[in-house]
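Trainee: Input file: work-v3.cif. Contents: mmCIF, C-alpha atoms and all ligand atoms; chains and numbers go by the auth columns.
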```
data_work
loop_
_atom_site.group_PDB
_atom_site.id
_atom_site.type_symbol
_atom_site.label_atom_id
_atom_site.label_comp_id
_atom_site.label_asym_id
_atom_site.label_seq_id
_atom_site.Cartn_x
_atom_site.Cartn_y
_atom_site.Cartn_z
_atom_site.B_iso_or_equiv
_atom_site.auth_seq_id
_atom_site.auth_asym_id
ATOM 1 C CA MET A 1 -14.860 63.755 16.962 0.00 1 A
ATOM 2 C CA PRO A 2 -13.468 60.783 14.968 0.00 2 A
ATOM 3 C CA ALA A 3 -14.317 60.532 11.259 0.00 3 A
ATOM 4 C CA ARG A 4 -16.988 57.895 10.603 0.00 4 A
ATOM 5 C CA ASN A 5 -14.846 55.902 8.184 0.00 5 A
ATOM 6 C CA THR A 6 -12.080 55.323 10.768 0.00 6 A
ATOM 7 C CA ARG A 7 -12.024 52.509 13.338 0.00 7 A
ATOM 8 C CA ALA A 8 -12.487 55.115 16.099 0.00 8 A
ATOM 9 C CA GLY A 9 -15.515 56.402 14.128 0.00 9 A
ATOM 10 C CA TYR A 10 -16.900 52.864 13.940 0.00 10 A
ATOM 11 C CA GLN A 11 -16.411 52.442 17.717 0.00 11 A
ATOM 12 C CA ASP A 12 -18.248 55.715 18.308 0.00 12 A
ATOM 13 C CA ALA A 13 -21.173 54.607 16.101 0.00 13 A
ATOM 14 C CA PHE A 14 -21.349 51.075 17.573 0.00 14 A
ATOM 15 C CA TRP A 15 -21.138 52.030 21.256 0.00 15 A
ATOM 16 C CA SER A 16 -23.307 55.128 20.914 0.00 16 A
ATOM 17 C CA SER A 17 -26.013 52.930 19.419 0.00 17 A
ATOM 18 C CA GLN A 18 -25.716 50.452 22.336 0.00 18 A
ATOM 19 C CA TYR A 19 -25.832 53.224 24.964 0.00 19 A
ATOM 20 C CA SER A 20 -28.759 54.942 23.207 0.00 20 A
ATOM 21 C CA THR A 21 -30.745 51.693 23.299 0.00 21 A
ATOM 22 C CA ASP A 22 -29.712 50.977 26.890 0.00 22 A
ATOM 23 C CA PRO A 23 -28.011 53.762 28.906 0.00 23 A
ATOM 24 C CA GLU A 24 -26.987 51.116 31.474 0.00 24 A
ATOM 25 C CA PHE A 25 -25.810 48.529 28.965 0.00 25 A
ATOM 26 C CA PHE A 26 -23.204 47.064 31.385 0.00 26 A
ATOM 27 C CA GLY A 27 -25.407 47.551 34.441 0.00 27 A
ATOM 28 C CA ARG A 28 -25.791 50.265 37.031 0.00 28 A
ATOM 29 C CA VAL A 29 -23.021 49.240 39.426 0.00 29 A
ATOM 30 C CA GLU A 30 -19.241 49.338 38.963 0.00 30 A
ATOM 31 C CA SER A 31 -17.358 46.455 37.355 0.00 31 A
ATOM 32 C CA PRO A 32 -15.883 43.546 39.365 0.00 32 A
ATOM 33 C CA PHE A 33 -12.448 44.572 38.064 0.00 33 A
ATOM 34 C CA SER A 34 -12.749 48.022 39.660 0.00 34 A
ATOM 35 C CA HIS A 35 -12.739 46.425 43.140 0.00 35 A
ATOM 36 C CA TRP A 36 -9.615 44.385 42.363 0.00 36 A
ATOM 37 C CA ALA A 37 -7.903 47.491 40.978 0.00 37 A
ATOM 38 C CA MET A 38 -9.003 49.709 43.885 0.00 38 A
ATOM 39 C CA ARG A 39 -7.239 47.501 46.430 0.00 39 A
ATOM 40 C CA LEU A 40 -3.966 48.049 44.524 0.00 40 A
ATOM 41 C CA MET A 41 -4.572 51.769 44.003 0.00 41 A
ATOM 42 C CA LYS A 42 -5.263 52.266 47.735 0.00 42 A
ATOM 43 C CA ARG A 43 -2.147 50.288 48.660 0.00 43 A
ATOM 44 C CA ASP A 44 -0.050 52.608 46.489 0.00 44 A
ATOM 45 C CA GLY A 45 -1.761 55.845 47.556 0.00 45 A
ATOM 46 C CA VAL A 46 -3.092 56.676 44.073 0.00 46 A
ATOM 47 C CA SER A 47 -4.886 60.039 44.037 0.00 47 A
ATOM 48 C CA SER A 48 -5.264 60.711 40.280 0.00 48 A
ATOM 49 C CA ALA A 49 -6.217 58.336 37.480 0.00 49 A
ATOM 50 C CA LEU A 50 -6.764 58.492 33.751 0.00 50 A
ATOM 51 C CA GLU A 51 -9.657 56.231 32.702 0.00 51 A
ATOM 52 C CA LEU A 52 -9.597 54.978 29.104 0.00 52 A
ATOM 53 C CA GLY A 53 -12.941 54.099 27.465 0.00 53 A
ATOM 54 C CA PHE A 54 -15.120 54.972 30.478 0.00 54 A
ATOM 55 C CA GLY A 55 -18.367 54.079 28.662 0.00 55 A
ATOM 56 C CA TYR A 56 -21.153 55.932 30.491 0.00 56 A
ATOM 57 C CA GLY A 57 -19.069 56.247 33.673 0.00 57 A
ATOM 58 C CA ARG A 58 -20.058 53.350 35.926 0.00 58 A
ATOM 59 C CA ASP A 59 -16.442 52.848 37.144 0.00 59 A
ATOM 60 C CA THR A 60 -15.742 56.598 37.026 0.00 60 A
ATOM 61 C CA GLY A 61 -18.334 57.087 39.787 0.00 61 A
ATOM 62 C CA TYR A 62 -16.710 54.391 41.910 0.00 62 A
ATOM 63 C CA LEU A 63 -13.200 55.875 41.489 0.00 63 A
ATOM 64 C CA LEU A 64 -14.520 59.333 42.439 0.00 64 A
ATOM 65 C CA ALA A 65 -16.435 57.990 45.445 0.00 65 A
ATOM 66 C CA SER A 66 -13.188 56.337 46.559 0.00 66 A
ATOM 67 C CA GLY A 67 -11.400 59.701 46.610 0.00 67 A
ATOM 68 C CA ILE A 68 -9.527 59.443 43.310 0.00 68 A
ATOM 69 C CA SER A 69 -9.698 62.355 40.867 0.00 69 A
ATOM 70 C CA VAL A 70 -10.446 61.128 37.359 0.00 70 A
ATOM 71 C CA THR A 71 -9.528 62.327 33.899 0.00 71 A
ATOM 72 C CA GLY A 72 -11.597 60.256 31.503 0.00 72 A
ATOM 73 C CA VAL A 73 -11.572 59.728 27.754 0.00 73 A
ATOM 74 C CA GLU A 74 -14.317 58.010 25.742 0.00 74 A
ATOM 75 C CA VAL A 75 -14.837 57.818 21.979 0.00 75 A
ATOM 76 C CA SER A 76 -18.619 57.236 22.110 0.00 76 A
ATOM 77 C CA SER A 77 -20.492 60.533 21.886 0.00 77 A
ATOM 78 C CA ARG A 78 -23.541 59.027 23.638 0.00 78 A
ATOM 79 C CA GLY A 79 -21.421 57.490 26.426 0.00 79 A
ATOM 80 C CA TYR A 80 -19.658 60.818 26.895 0.00 80 A
ATOM 81 C CA GLU A 81 -22.998 62.720 27.057 0.00 81 A
ATOM 82 C CA LEU A 82 -24.465 60.315 29.632 0.00 82 A
ATOM 83 C CA ALA A 83 -21.379 60.592 31.858 0.00 83 A
ATOM 84 C CA ALA A 84 -21.085 64.377 31.425 0.00 84 A
ATOM 85 C CA GLU A 85 -24.718 64.707 32.547 0.00 85 A
ATOM 86 C CA ARG A 86 -24.201 62.396 35.515 0.00 86 A
ATOM 87 C CA PHE A 87 -21.045 64.144 36.782 0.00 87 A
ATOM 88 C CA ARG A 88 -22.022 67.753 36.022 0.00 88 A
ATOM 89 C CA GLY A 89 -20.750 69.912 38.931 0.00 89 A
ATOM 90 C CA VAL A 90 -19.009 66.982 40.656 0.00 90 A
ATOM 91 C CA PRO A 91 -15.496 68.011 41.761 0.00 91 A
ATOM 92 C CA GLY A 92 -12.425 66.002 40.742 0.00 92 A
ATOM 93 C CA VAL A 93 -13.599 64.803 37.339 0.00 93 A
ATOM 94 C CA ARG A 94 -12.664 65.906 33.819 0.00 94 A
ATOM 95 C CA LEU A 95 -14.223 64.067 30.912 0.00 95 A
ATOM 96 C CA HIS A 96 -13.146 64.191 27.267 0.00 96 A
ATOM 97 C CA HIS A 97 -14.809 62.979 24.091 0.00 97 A
ATOM 98 C CA SER A 98 -11.879 61.707 22.020 0.00 98 A
ATOM 99 C CA ASP A 99 -9.988 58.736 20.703 0.00 99 A
ATOM 100 C CA ALA A 100 -7.810 57.479 23.586 0.00 100 A
ATOM 101 C CA LEU A 101 -4.495 57.460 21.704 0.00 101 A
ATOM 102 C CA SER A 102 -4.910 61.035 20.416 0.00 102 A
ATOM 103 C CA PHE A 103 -5.850 62.150 23.909 0.00 103 A
ATOM 104 C CA LEU A 104 -2.905 60.377 25.550 0.00 104 A
ATOM 105 C CA ARG A 105 -0.582 62.072 23.050 0.00 105 A
ATOM 106 C CA SER A 106 -1.894 65.474 24.175 0.00 106 A
ATOM 107 C CA MET A 107 -1.130 64.813 27.857 0.00 107 A
ATOM 108 C CA ALA A 108 1.903 65.958 29.823 0.00 108 A
ATOM 109 C CA GLY A 109 4.435 63.288 30.761 0.00 109 A
ATOM 110 C CA ALA A 110 4.558 61.866 34.296 0.00 110 A
ATOM 111 C CA SER A 111 1.220 63.521 35.116 0.00 111 A
ATOM 112 C CA MET A 112 -0.868 60.584 36.426 0.00 112 A
ATOM 113 C CA ASP A 113 -0.608 58.213 39.403 0.00 113 A
ATOM 114 C CA ALA A 114 -2.577 55.551 37.523 0.00 114 A
ATOM 115 C CA VAL A 115 -4.081 54.655 34.175 0.00 115 A
ATOM 116 C CA TYR A 116 -7.211 52.534 34.538 0.00 116 A
ATOM 117 C CA SER A 117 -9.350 50.745 31.987 0.00 117 A
ATOM 118 C CA ASN A 118 -12.001 48.032 32.107 0.00 118 A
ATOM 119 C CA LEU A 119 -12.498 45.955 28.940 0.00 119 A
ATOM 120 C CA PHE A 120 -11.036 48.730 26.789 0.00 120 A
ATOM 121 C CA PHE A 121 -7.943 46.953 25.433 0.00 121 A
ATOM 122 C CA ASN A 122 -10.250 44.348 23.849 0.00 122 A
ATOM 123 C CA MET A 123 -11.516 46.919 21.387 0.00 123 A
ATOM 124 C CA HIS A 124 -10.458 46.594 17.745 0.00 124 A
ATOM 125 C CA PHE A 125 -6.856 47.806 17.945 0.00 125 A
ATOM 126 C CA THR A 126 -3.951 46.454 15.908 0.00 126 A
ATOM 127 C CA ARG A 127 -0.770 45.269 17.629 0.00 127 A
ATOM 128 C CA ALA A 128 0.900 48.536 16.552 0.00 128 A
ATOM 129 C CA GLU A 129 -1.951 50.529 18.149 0.00 129 A
ATOM 130 C CA HIS A 130 -1.767 48.490 21.359 0.00 130 A
ATOM 131 C CA ARG A 131 1.962 49.161 21.539 0.00 131 A
ATOM 132 C CA ALA A 132 1.437 52.869 20.834 0.00 132 A
ATOM 133 C CA LEU A 133 -1.179 53.045 23.620 0.00 133 A
ATOM 134 C CA MET A 134 1.182 51.284 26.036 0.00 134 A
ATOM 135 C CA LEU A 135 4.086 53.593 25.181 0.00 135 A
ATOM 136 C CA GLU A 136 1.879 56.616 25.865 0.00 136 A
ATOM 137 C CA ILE A 137 0.679 55.087 29.135 0.00 137 A
ATOM 138 C CA GLU A 138 4.308 54.557 30.136 0.00 138 A
ATOM 139 C CA ARG A 139 4.987 58.228 29.299 0.00 139 A
ATOM 140 C CA VAL A 140 2.054 59.785 31.201 0.00 140 A
ATOM 141 C CA LEU A 141 2.550 57.710 34.363 0.00 141 A
ATOM 142 C CA SER A 142 4.708 59.151 37.097 0.00 142 A
ATOM 143 C CA GLU A 143 7.467 56.930 38.448 0.00 143 A
ATOM 144 C CA GLY A 144 5.933 54.096 40.481 0.00 144 A
ATOM 145 C CA GLY A 145 2.537 54.755 38.845 0.00 145 A
ATOM 146 C CA LEU A 146 0.151 51.908 38.004 0.00 146 A
ATOM 147 C CA ASN A 147 -1.355 50.751 34.726 0.00 147 A
ATOM 148 C CA LEU A 148 -4.407 48.670 35.651 0.00 148 A
ATOM 149 C CA PHE A 149 -6.464 47.028 32.941 0.00 149 A
ATOM 150 C CA SER A 150 -8.785 44.120 32.286 0.00 150 A
ATOM 151 C CA ALA A 151 -9.241 42.385 28.952 0.00 151 A
ATOM 152 C CA ARG A 152 -11.200 39.342 27.813 0.00 152 A
ATOM 153 C CA SER A 153 -8.882 36.370 27.407 0.00 153 A
ATOM 154 C CA THR A 154 -8.266 33.607 24.891 0.00 154 A
ATOM 155 C CA ASN A 155 -10.133 31.265 27.316 0.00 155 A
ATOM 156 C CA ASP A 156 -13.303 33.322 26.853 0.00 156 A
ATOM 157 C CA PRO A 157 -16.252 31.357 25.389 0.00 157 A
ATOM 158 C CA TRP A 158 -16.439 33.914 22.532 0.00 158 A
ATOM 159 C CA TYR A 159 -12.813 33.384 21.508 0.00 159 A
ATOM 160 C CA GLY A 160 -12.681 31.798 18.038 0.00 160 A
ATOM 161 C CA LYS A 161 -16.355 32.632 17.265 0.00 161 A
ATOM 162 C CA GLY A 162 -17.302 34.885 14.362 0.00 162 A
ATOM 163 C CA ARG A 163 -14.957 35.872 11.530 0.00 163 A
ATOM 164 C CA GLN A 164 -11.232 36.122 12.256 0.00 164 A
ATOM 165 C CA VAL A 165 -9.932 39.523 11.127 0.00 165 A
ATOM 166 C CA GLY A 166 -6.480 39.538 12.754 0.00 166 A
ATOM 167 C CA PRO A 167 -4.354 37.644 15.277 0.00 167 A
ATOM 168 C CA GLY A 168 -6.656 36.684 18.180 0.00 168 A
ATOM 169 C CA THR A 169 -9.218 39.132 16.743 0.00 169 A
ATOM 170 C CA PHE A 170 -12.791 38.157 15.850 0.00 170 A
ATOM 171 C CA ASP A 171 -15.620 40.093 14.246 0.00 171 A
ATOM 172 C CA HIS A 172 -18.792 39.088 16.137 0.00 172 A
ATOM 173 C CA SER A 173 -21.252 41.064 14.020 0.00 173 A
ATOM 174 C CA PRO A 174 -24.211 41.132 13.923 0.00 174 A
ATOM 175 C CA GLN A 175 -24.384 39.924 17.605 0.00 175 A
ATOM 176 C CA GLY A 176 -21.486 42.098 18.758 0.00 176 A
ATOM 177 C CA THR A 177 -18.454 44.056 17.705 0.00 177 A
ATOM 178 C CA THR A 178 -14.879 43.069 16.799 0.00 178 A
ATOM 179 C CA MET A 179 -12.735 42.077 19.755 0.00 179 A
ATOM 180 C CA VAL A 180 -9.105 41.259 20.429 0.00 180 A
ATOM 181 C CA TYR A 181 -8.633 38.453 22.980 0.00 181 A
ATOM 182 C CA PHE A 182 -5.705 38.627 25.402 0.00 182 A
ATOM 183 C CA SER A 183 -3.131 36.131 26.666 0.00 183 A
ATOM 184 C CA ALA A 184 -0.171 36.647 28.998 0.00 184 A
ATOM 185 C CA ARG A 185 2.002 36.468 25.884 0.00 185 A
ATOM 186 C CA LEU A 186 0.135 39.316 24.226 0.00 186 A
ATOM 187 C CA VAL A 187 0.441 41.441 27.382 0.00 187 A
ATOM 188 C CA LYS A 188 4.203 40.794 27.370 0.00 188 A
ATOM 189 C CA GLY A 189 4.516 41.526 23.672 0.00 189 A
ATOM 190 C CA ILE A 190 2.909 44.978 23.832 0.00 190 A
ATOM 191 C CA THR A 191 4.455 46.127 27.120 0.00 191 A
ATOM 192 C CA PRO A 192 7.373 48.591 26.909 0.00 192 A
ATOM 193 C CA PRO A 193 10.418 48.156 29.173 0.00 193 A
ATOM 194 C CA GLY A 194 9.381 50.954 31.537 0.00 194 A
ATOM 195 C CA LEU A 195 6.248 49.056 32.608 0.00 195 A
ATOM 196 C CA LYS A 196 6.672 45.950 34.741 0.00 196 A
ATOM 197 C CA THR A 197 3.798 43.477 35.079 0.00 197 A
ATOM 198 C CA ILE A 198 3.463 42.848 38.808 0.00 198 A
ATOM 199 C CA LEU A 199 0.145 40.957 38.806 0.00 199 A
ATOM 200 C CA LEU A 200 -1.709 39.039 36.106 0.00 200 A
ATOM 201 C CA GLU A 201 -4.729 36.946 37.069 0.00 201 A
ATOM 202 C CA GLU A 202 -7.539 35.307 35.147 0.00 202 A
ATOM 203 C CA ARG A 203 -11.098 35.604 36.448 0.00 203 A
ATOM 204 C CA THR A 204 -14.544 34.529 35.345 0.00 204 A
ATOM 205 C CA GLU A 205 -17.149 37.289 35.317 0.00 205 A
ATOM 206 C CA GLY A 206 -20.857 37.227 34.580 0.00 206 A
ATOM 207 C CA GLU A 207 -23.150 34.325 35.120 0.00 207 A
ATOM 208 C CA GLY A 208 -25.774 32.096 33.522 0.00 208 A
ATOM 209 C CA ASP A 209 -25.731 32.261 29.744 0.00 209 A
ATOM 210 C CA PHE A 210 -23.013 34.899 29.519 0.00 210 A
ATOM 211 C CA PRO A 211 -19.881 34.032 31.526 0.00 211 A
ATOM 212 C CA ILE A 212 -16.699 35.730 30.286 0.00 212 A
ATOM 213 C CA SER A 213 -13.003 35.045 31.018 0.00 213 A
ATOM 214 C CA VAL A 214 -11.031 38.153 31.831 0.00 214 A
ATOM 215 C CA LEU A 215 -7.346 38.878 32.481 0.00 215 A
ATOM 216 C CA TYR A 216 -6.747 41.348 35.302 0.00 216 A
ATOM 217 C CA VAL A 217 -3.399 43.108 34.881 0.00 217 A
ATOM 218 C CA CYS A 218 -1.437 45.477 37.117 0.00 218 A
ATOM 219 C CA GLN A 219 1.766 47.061 35.819 0.00 219 A
ATOM 220 C CA LYS A 220 4.116 49.477 37.548 0.00 220 A
ATOM 221 C CA ARG A 221 6.110 52.281 35.919 0.00 221 A
ATOM 222 C CA SER A 222 9.751 51.773 36.741 0.00 222 A
ATOM 223 C CA ALA A 223 12.560 54.310 36.514 0.00 223 A
ATOM 224 C CA VAL A 224 13.626 52.720 33.215 0.00 224 A
ATOM 225 C CA ARG A 225 12.332 54.599 30.177 0.00 225 A
ATOM 226 C CA GLY A 226 13.030 52.603 27.111 0.00 226 A
ATOM 227 C CA ASN A 227 12.706 52.617 23.387 0.00 227 A
ATOM 228 C CA ALA A 228 13.514 48.918 23.213 0.00 228 A
ATOM 229 C CA VAL A 229 11.149 46.956 20.982 0.00 229 A
ATOM 230 C CA PRO A 230 8.868 44.597 22.964 0.00 230 A
ATOM 231 C CA THR A 231 8.839 40.869 22.218 0.00 231 A
ATOM 232 C CA PRO A 232 7.751 40.258 18.591 0.00 232 A
ATOM 233 C CA LEU A 233 4.275 38.781 18.138 0.00 233 A
ATOM 234 C CA PRO A 234 2.708 37.239 15.044 0.00 234 A
HETATM 235 C C1 LIG B . -16.522 47.190 26.513 0.00 301 B
HETATM 236 S S1 LIG B . -16.824 48.913 26.677 0.00 301 B
HETATM 237 C C2 LIG B . -16.422 49.163 28.398 0.00 301 B
HETATM 238 C C3 LIG B . -16.929 50.472 28.938 0.00 301 B
HETATM 239 C C4 LIG B . -16.556 50.781 30.401 0.00 301 B
HETATM 240 N N1 LIG B . -15.127 50.697 30.613 0.00 301 B
HETATM 241 C C5 LIG B . -17.288 49.895 31.338 0.00 301 B
HETATM 242 O O1 LIG B . -16.698 48.927 31.852 0.00 301 B
HETATM 243 O O2 LIG B . -18.478 50.152 31.578 0.00 301 B
HETATM 244 C C6 LIG B . -15.439 49.630 25.848 0.00 301 B
HETATM 245 C C7 LIG B . -15.503 51.147 25.722 0.00 301 B
HETATM 246 O O3 LIG B . -14.314 51.611 25.049 0.00 301 B
HETATM 247 C C8 LIG B . -14.684 52.685 24.205 0.00 301 B
HETATM 248 N N2 LIG B . -13.679 52.831 23.159 0.00 301 B
HETATM 249 C C9 LIG B . -13.464 52.012 22.076 0.00 301 B
HETATM 250 N N3 LIG B . -12.466 52.461 21.322 0.00 301 B
HETATM 251 C C10 LIG B . -12.034 53.610 21.897 0.00 301 B
HETATM 252 C C11 LIG B . -11.015 54.553 21.573 0.00 301 B
HETATM 253 N N4 LIG B . -10.246 54.389 20.494 0.00 301 B
HETATM 254 N N5 LIG B . -10.838 55.606 22.391 0.00 301 B
HETATM 255 C C12 LIG B . -11.620 55.789 23.506 0.00 301 B
HETATM 256 N N6 LIG B . -12.613 54.936 23.845 0.00 301 B
HETATM 257 C C13 LIG B . -12.806 53.847 23.083 0.00 301 B
HETATM 258 C C14 LIG B . -16.046 52.276 23.675 0.00 301 B
HETATM 259 O O4 LIG B . -16.762 53.379 23.150 0.00 301 B
HETATM 260 C C15 LIG B . -16.684 51.642 24.903 0.00 301 B
HETATM 261 O O5 LIG B . -17.419 52.588 25.635 0.00 301 B
#
```
Could the structure of this file be written out as structure tokens, please?

Mentor:
Amino acid sequence: MPARNTRAGYQDAFWSSQYSTDPEFFGRVESPFSHWAMRLMKRDGVSSALELGFGYGRDTGYLLASGISVTGVEVSSRGYELAAERFRGVPGVRLHHSDALSFLRSMAGASMDAVYSNLFFNMHFTRAEHRALMLEIERVLSEGGLNLFSARSTNDPWYGKGRQVGPGTFDHSPQGTTMVYFSARLVKGITPPGLKTILLEERTEGEGDFPISVLYVCQKRSAVRGNAVPTPLP
């Protein structure tokens, strides 16, 4: 359980409040990104995935229904409770209430076919935290494993709105939370040498008054394990 005065504690409080008000805050069905990612996971024969920031489990259910066993980690206590209730007794799923980086650090190396996350990397992480997350993802993936993630991009209508609190990072309170917006350059700058970006596409999601621009990224774990420092970013 993260301490309240940490950023993980703030995330827990913010998202638990959203999910308490609306237990289907992002809708009932799986995300558009999950379908894009599933095509790639099927192609590569993925059978186990770690899901970072699963929310209340809308994509978790889709991964499970597609025959992939899921280890999930979520910092929101309310999100975790909703998902734990939904998947009680369902085989092939293990859920954890924790900060993602701490959880990744507790995992065995080369233990996952894929790491999956939808709109998780946009959360309020510093560049150093993004790099630390990526290094851990590189470590827990088996050779040839996939890191699949989506993140709102610098072309998103919300980019530049609110109060800037870091590079490409805007505090949207009171309407929303703080978010980091992604570009191809940022992806490159936080990616360690053992992960190779094999696909990077930009998509528009949502409709009407709330369209969002999202980068869809697929990276593959190569045989190279490196400590080399990724490209410097501001
Ligand atoms: C934009 S929501 C997306 C939720 C889910 N992936 C979905 O698409 O329905 C981001 C999620 O990341 C979680 N999160 C934020 N920081 C986290 C952290 N440090 N560790 C684990 N989860 C985190 C939030 O609690 C929230 O549920």

Trainee: Could you list the residues chosen by the PyMOL selection byres (((chain A and resi 66) around 12) and not hetatm) in this structure as a list in words?

Mentor: Glu30, Ser34, His35, Ala37, Met38, Arg39, Met41, Lys42, Gly45, Val46, Ser47, Ser48, Ala49, Asp59, Thr60, Gly61, Tyr62, Leu63, Leu64, Ala65, Gly67, Ile68, Ser69, Val70 and Gly92 of chain A

Trainee: For the residues selected in the previous step, produce a file with C-alpha atoms as a compact mmCIF listing (two decimals), in the frame of the given file.

Mentor:
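And here is the file that came out, selection-v3.txt:
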```txt
# COMPACT_ATOMS: atom_id res chain seq x y z
CA GLU A 30 -19.24 49.34 38.96
CA SER A 34 -12.75 48.02 39.66
CA HIS A 35 -12.74 46.42 43.14
CA ALA A 37 -7.90 47.49 40.98
CA MET A 38 -9.00 49.71 43.88
CA ARG A 39 -7.24 47.50 46.43
CA MET A 41 -4.57 51.77 44.00
CA LYS A 42 -5.26 52.27 47.74
CA GLY A 45 -1.76 55.84 47.56
CA VAL A 46 -3.09 56.68 44.07
CA SER A 47 -4.89 60.04 44.04
CA SER A 48 -5.26 60.71 40.28
CA ALA A 49 -6.22 58.34 37.48
CA ASP A 59 -16.44 52.85 37.14
CA THR A 60 -15.74 56.60 37.03
CA GLY A 61 -18.33 57.09 39.79
CA TYR A 62 -16.71 54.39 41.91
CA LEU A 63 -13.20 55.88 41.49
CA LEU A 64 -14.52 59.33 42.44
CA ALA A 65 -16.43 57.99 45.44
CA GLY A 67 -11.40 59.70 46.61
CA ILE A 68 -9.53 59.44 43.31
CA SER A 69 -9.70 62.36 40.87
CA VAL A 70 -10.45 61.13 37.36
CA GLY A 92 -12.42 66.00 40.74
```

Trainee: Between atom CA of Arg139 of chain A and atom CA of Ser111 of chain A, what is the spacing in Å?

Mentor: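 Atom-to-atom, atom CA of Ser111 of chain A to atom CA of Arg139 of chain A, that is 8.7 Å.
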
Trainee: Could you please extract the residues within 9 Å of ligand LIG 301 (chain B), counting all atoms listed in the file, and hand them back as a PyMOL selection string?

Mentor: chain A and resi 7-16+19+24-27+30-31+33-34+51-60+73-80+97-103+117-125

Trainee: Go ahead and compute the interatomic distance for atom CA of Ile212 of chain A and atom CA of Leu148 of chain A, in Å to one decimal.

Mentor: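 For atom CA of Ile212 of chain A relative to atom CA of Leu148 of chain A, the distance reads 18.6 Å.
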
Trainee: List, as number ranges by chain, every residue that the PyMOL selection byres (((chain A and resi 179) around 9) and not hetatm) selects in the file provided.

Mentor: A: 121-125, 152, 159, 168-172, 176-178, 180-181
